[in-house]
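Peer 1: Got a structure for you, questions after.
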2 protein chains.
Amino acid sequence: MKSRIKLVENMQFVATADSGHAVLMDAPQSVGGNNSGAKPSELLLMAFGGCSGMDIISILRKKKQEVASFEVNVQGDTPEKHPRYFTNIHIEYVVTGRNISEDAVKKAIALSLNTYCMVGLTIGKAAKITHSYRIVDEGGKEGRS
Amino acid sequence: MKSRIKLVENMQFVATADSGHAVLMDAPQSVGGNNSGAKPSELLLMAFGGCSGMDIISILRKKKQEVASFEVNVQGDTPEKHPRYFTNIHIEYVVTGRNISEDAVKKAIALSLNTYCMVGLTIGKAAKITHSYRIVDEGGKEGRS
């Protein structure tokens, strides 16, 4: 798997993947960029949320769960001083639908984080990954863990 | 640092960072997606290239190097079987300009990979990261390591 990351100007880069899809990155103004795109470290958290989110929605669909909407929130903590890396990452899954099985959600999360999600398994060697979930019943009932 | 990743439809997700910037992700058709955006695992490689690329262009500018163009190529290897994660990642830097100091390039790469690049330092706990560089003189001379 390959990506090519090309400087456009100042601190703006365009990354193009094998698949042909391109993503714009930039640094914030505080470190000399123009804030025209996501920061690379933000992209890492996005990649984790997307990776695990795709696993979980696939598994829930296979288990015939009626998911009306689904979102993933990822928060990463880094030390103040260099060399910095993500030491703690929390991922929260919010599943909204009718009669969603809590057991199906728990099993899907475990499968993603322990077996399928390549991004999570890669960054999980550096960061302590914790997770939580919320199940929102379309009737209004909410479960939480 | 936070990101919110929301399911749009099928396997398409939009990730939105604290900074307000959004990135589209999708799965390829082979695994049920519509290939409308980068794969999360591609995003991880993009993030690494962008992160290290920003470090290096900043350092080369501080060292008064006349960089005409700059690109970073990142390649990641993953095992065939689950649980999969990136085991080897190679990053290549291509610096084009006039009278670029090889020493400046080497020092910039070392500073980025060992001290500054948060994405690299995070994924470097899982993957073996190797690097190379090419210096292309605008007059046509090319150096390689």
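Note on naming: chains are A, B, ... as they come in the structure tokens, residues start from 1 per chain, ligands start from 1 in the order shown.
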Can you pull out every residue within 8 Å of Ile100 (chain A), counting only C-alpha atoms, but drop anything in the same chain fewer than 2 positions away, and send it as a ChimeraX atom specification?
Peer 2: /A:65-67,95-98,102,104-105,135,137
Peer 1: What lies within 9 Å of region 123-129 of chain A using only C-alpha atoms, ignoring chain neighbours under 3 positions off, as a list in words?
Peer 2: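 Those residues are Leu44, Phe48, Gly76, Asp77, Tyr85, Phe86, Thr87, Asn88, Ile89, His90, Ile91, Leu113, Met118, Val119 and Gly120 of chain A; Tyr85, Leu121, Thr122, Ile123, Gly124, Lys125 and Ala126 of chain B.
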Peer 1: From the set B:Leu7, B:Val94, B:Thr130, B:His82, which residue has the shortest atom-to-atom contact distance to Asn114 (chain A), counting only C-alpha atoms?
Peer 2: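 Among the listed residues, B:His82 lies closest to Asn114 (chain A).
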Peer 1: Determine which residues of chain B receive a DSSP assignment of strand (DSSP E), computed from the backbone, and state them as a VMD selection string.
Peer 2: chain B and resid 2 to 9 12 to 17 22 to 25 66 to 77 88 to 98 128 to 137 142 to 144
Peer 1: One decimal, in Å: what's the spacing between CA of Ile5 (chain A) and CA of Glu9 (chain B)?
Peer 2: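 Atom-to-atom, CA of Ile5 (chain A) and CA of Glu9 (chain B) are spaced 28.2 Å apart.
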Peer 1: Find the spatial neighbours of Leu43 (chain B), counting only C-alpha atoms, within a cut-off of 9 Å - ignore same-chain residues fewer than 4 positions away - and output them as a list of chain:residue names.
Peer 2: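 In the requested form, the answer reads A:Ser3, A:Ala15, A:Ala17, A:Val23, A:Leu43, A:Leu44, A:Met46, A:Ala47, B:Met25, B:Ala38, B:Lys39, B:Ala47, B:Phe48.
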Peer 1: For Glu92 (chain A), work out the shell of residues within 8 Å, counting only C-alpha atoms and skipping chain neighbours fewer than 3 positions away, then give it as a PyMOL selection string.
Peer 2: chain A and resi 72-74+131-134
Peer 1: Measuring atom to atom with only C-alpha atoms, identify which of A:Ser41, A:Ser101, A:Ser112, A:Ser52 is nearest to chain B.
Peer 2: A:Ser41
Peer 1: Between A:Val31, A:Ala68, A:Ala110, A:Met54, which has the minimum distance to chain B (counting only C-alpha atoms)?
Peer 2: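 When distances to chain B are compared using only C-alpha atoms, the smallest one comes from A:Met54.
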